[in-house]
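Worksheet: the structure to be examined is printed underneath.
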Amino acid sequence: MTAIESQLRSMRSDAEQHIAHARAEFDQANERLKQRTGRDLIVATLIGVGIGAIVVASLIFIKWLFVLFAAAAMVLGVLEFSRALQVSGRRVDVVPQLAMGFLLLLSGFFLGPWVHWIATLVAVVVVVVWRLTAQMFASDGRAHIEVIGDVLVASFVQLYVPFLTSVAMILLAQPRGEWWVLAFLILAVAADTGAYVSGLTFGRGGRHPMAPRISPKKTWEGFAGACLAALVAGALLAAFMLQVPWWAGLIFGAVVLATATVGDLGESMLKRDLGIKDMSSWLPGHGGVLDRLDSILPSATAALVMFYLLAPLGVS
């Protein structure tokens, strides 16, 4: 009996040593990935897969559930953007921003594009009037140029996050719109992943930066990978999901690639002006919600335009 217990203890000790060794190797590999990529790639991947599963499930099975997901993303985006602006000295009224944001999302999904333009105008007017009225009662001697800046910022927040999110709701409400929403999300992610892998493989050290003053880490090598990924994904999505000719998918992929790239660089410029690296740390390994939506938000408008132009080419 003593010999058996001794053997079991020995086996247990060996197993613990193997587990500790494997864990140490995993931690070392993860640390090397962090140093090379600048983020916790494993955590980022797990979070990305989890969010992707929720998005795909909502779009495929009950598409109005995606409205709730989009609303949650809009709320988090407005909150973190408003906080970043407030830290930089701007006055941002969060309550009307969120209230009008919900109005735009519901308008986009239920009322259609033409009524939605009226809702957008109302939303911008409300946040502007709210800011002016709040400033009147503040009596803090804020300079006129600063007040004008606050008004412009209020309009920009509403148009950047809620309005662009609501455009995706307009697309979602169209016949087979859920597949076009899923397609442009896949294209944006494919372009981002292609740029990341290609830039990490061929553009280490920033060999050929695209916009060094805005985002030094973005290289032409990464953009080449994004182009390849977006075009291949566009052709495949067109042929197997969107029921349009494969060449229409190339157009779709190229357009989403362009808007995603502009959106990515635009948000980088915003963060540079605000003096921050990430909009927040709410998504470990990713940064903030807007750091993930920067390429997706402007691509929603492009996807809606492509739907109107390319969907009539549908293959029966």
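Ligands are numbered from 1 in the order shown, residues from 1 within each chain, and chains are lettered A, B, ... in the order they appear in the structure tokens.
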
Step one, run DSSP on the backbone; step two, keep only residues of region 172-274 of chain A assigned to strand (DSSP E or B); then write them as a compact mmCIF listing (two decimals) with N, CA, C and O atoms, in the first residue's frame.
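Everything below was put into states19.txt:
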# COMPACT_ATOMS: atom_id res chain seq x y z
N PRO A 209 5.32 53.05 -43.81
CA PRO A 209 4.10 53.52 -43.14
C PRO A 209 3.17 54.26 -44.10
O PRO A 209 3.63 55.00 -44.97
N MET A 210 1.87 54.05 -43.91
CA MET A 210 0.87 54.72 -44.75
C MET A 210 0.72 56.19 -44.36
O MET A 210 0.71 57.07 -45.22
N ALA A 211 0.55 56.42 -43.07
CA ALA A 211 0.33 57.78 -42.58
C ALA A 211 1.10 57.93 -41.27
O ALA A 211 0.52 57.82 -40.19
N SER A 215 -0.89 57.40 -37.79
CA SER A 215 -0.80 56.06 -37.20
C SER A 215 0.46 55.39 -37.72
O SER A 215 0.43 54.72 -38.77
N PRO A 216 1.57 55.52 -37.01
CA PRO A 216 2.86 55.01 -37.50
C PRO A 216 2.89 53.50 -37.72
O PRO A 216 3.70 53.01 -38.50
N LYS A 217 2.02 52.75 -37.01
CA LYS A 217 2.05 51.29 -37.12
C LYS A 217 1.36 50.76 -38.37
O LYS A 217 1.50 49.59 -38.70
N LYS A 218 0.57 51.59 -39.05
CA LYS A 218 -0.14 51.14 -40.24
C LYS A 218 0.78 51.28 -41.45
O LYS A 218 1.25 52.37 -41.75
N THR A 219 1.02 50.16 -42.12
CA THR A 219 1.97 50.13 -43.22
C THR A 219 1.29 49.76 -44.52
O THR A 219 0.17 49.23 -44.54

What lies within 8 Å of Leu274 (chain A) using only C-alpha atoms, ignoring chain neighbours under 2 positions off, as a tab-separated table (two decimals) with N, CA, C and O atoms, in the first residue's frame?
chain	number	residue	atom	x	y	z
A	84	ALA	N	-13.87	60.77	-23.29
A	84	ALA	CA	-12.59	61.22	-23.85
A	84	ALA	C	-12.64	62.70	-24.20
A	84	ALA	O	-11.67	63.44	-23.96
A	85	LEU	N	-13.75	63.16	-24.75
A	85	LEU	CA	-13.89	64.57	-25.09
A	85	LEU	C	-13.97	65.44	-23.84
A	85	LEU	O	-13.40	66.54	-23.80
A	88	SER	N	-10.67	66.09	-22.41
A	88	SER	CA	-9.91	67.06	-23.20
A	88	SER	C	-10.43	68.49	-23.03
A	88	SER	O	-9.86	69.42	-23.60
A	270	LEU	N	-8.38	61.17	-34.48
A	270	LEU	CA	-9.12	61.68	-33.33
A	270	LEU	C	-8.38	61.39	-32.03
A	270	LEU	O	-8.23	62.27	-31.17
A	271	LYS	N	-7.92	60.17	-31.88
A	271	LYS	CA	-7.22	59.79	-30.64
A	271	LYS	C	-5.91	60.58	-30.51
A	271	LYS	O	-5.52	60.94	-29.40
A	272	ARG	N	-5.26	60.82	-31.63
A	272	ARG	CA	-4.01	61.60	-31.59
A	272	ARG	C	-4.30	63.03	-31.13
A	272	ARG	O	-3.55	63.60	-30.34
A	276	ILE	N	-4.71	60.33	-26.60
A	276	ILE	CA	-4.96	59.04	-25.96
A	276	ILE	C	-4.56	57.92	-26.92
A	276	ILE	O	-4.55	58.10	-28.14

Which residues are near Leu159 (chain A)? Cut-off 12 Å, only C-alpha atoms, ignore same chain within fewer than 4 positions. Put them as an MDAnalysis selection string. chainID A and resid 74 78 97:98 100:101 104:105 117 119:125 127 152:155 163:167 297:298

I'd like the contact shell of Ala258 (chain A) - 12 Å cut-off, only C-alpha atoms, skipping same-chain residues fewer than 4 positions apart - returned as a list in words. Leu187, Ala188, Ala191, Asp192, Phe223, Ala226, Cys227, Ala230, Leu231, Ile251, Phe252, Gly253, Ala254, Val262, Gly263, Asp264, Leu265, Ser295, Ile296, Pro298, Ser299, Thr301, Ala302 and Ala303 of chain A

Applying 9 Å and only C-alpha atoms, which residues near Val67 (chain A) remain after dropping the ones on its own chain fewer than 3 positions away? List them as a PyMOL selection string. chain A and resi 58+63-64+70-72+105-106+109+169+172

May I have the selected residues written with N, CA and C atoms, as a JSON list (two decimals), in the first residue's frame?
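Once everything was written out, this is result-v8.json:
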[["chain", "number", "residue", "atom", "x", "y", "z"],
["A", 58, "SER", "N", -27.52, 36.40, -33.76],
["A", 58, "SER", "CA", -28.63, 37.35, -33.79],
["A", 58, "SER", "C", -29.08, 37.65, -35.21],
["A", 63, "LYS", "N", -33.34, 38.58, -36.37],
["A", 63, "LYS", "CA", -32.52, 39.73, -36.72],
["A", 63, "LYS", "C", -32.82, 40.97, -35.90],
["A", 64, "TRP", "N", -34.02, 41.07, -35.31],
["A", 64, "TRP", "CA", -34.27, 42.27, -34.49],
["A", 64, "TRP", "C", -33.45, 42.26, -33.21],
["A", 70, "ALA", "N", -26.73, 46.31, -31.38],
["A", 70, "ALA", "CA", -26.26, 47.58, -31.93],
["A", 70, "ALA", "C", -26.50, 48.72, -30.96],
["A", 71, "ALA", "N", -27.66, 48.68, -30.26],
["A", 71, "ALA", "CA", -27.96, 49.72, -29.28],
["A", 71, "ALA", "C", -26.95, 49.70, -28.13],
["A", 72, "ALA", "N", -26.59, 48.50, -27.68],
["A", 72, "ALA", "CA", -25.60, 48.40, -26.61],
["A", 72, "ALA", "C", -24.25, 48.94, -27.07],
["A", 105, "LEU", "N", -31.75, 54.85, -33.97],
["A", 105, "LEU", "CA", -31.73, 53.41, -34.21],
["A", 105, "LEU", "C", -33.13, 52.88, -34.51],
["A", 106, "LEU", "N", -34.11, 53.29, -33.73],
["A", 106, "LEU", "CA", -35.48, 52.83, -33.95],
["A", 106, "LEU", "C", -36.03, 53.39, -35.25],
["A", 109, "PHE", "N", -34.60, 51.38, -38.24],
["A", 109, "PHE", "CA", -35.10, 50.01, -38.39],
["A", 109, "PHE", "C", -36.59, 49.97, -38.74],
["A", 169, "MET", "N", -28.98, 49.84, -39.31],
["A", 169, "MET", "CA", -30.36, 49.41, -39.02],
["A", 169, "MET", "C", -31.24, 49.54, -40.26],
["A", 172, "LEU", "N", -30.39, 46.58, -42.27],
["A", 172, "LEU", "CA", -30.94, 45.39, -41.63],
["A", 172, "LEU", "C", -32.41, 45.20, -41.95]]

Would you pick out the contacts of region 173-176 of chain A at 10 Å or less, using only C-alpha atoms, so that residues sharing its chain but fewer than 6 positions from it are not included, and give the list as a ChimeraX atom specification? /A:63-64,108-112,242,304,307-308,311

Restricting to only C-alpha atoms, whichever of A:Val92, A:Leu237, A:Leu290, A:Ala229 is closest to Val161 (chain A) is A:Leu290

Write down as a PyMOL selection string the residues belonging to region 61-306 of chain A that are assigned alpha helix (DSSP H) by DSSP computed on the backbone. chain A and resi 61+64-87+94-110+113-138+144-158+164-172+177-202+220-237+246-274+289-293+296-306
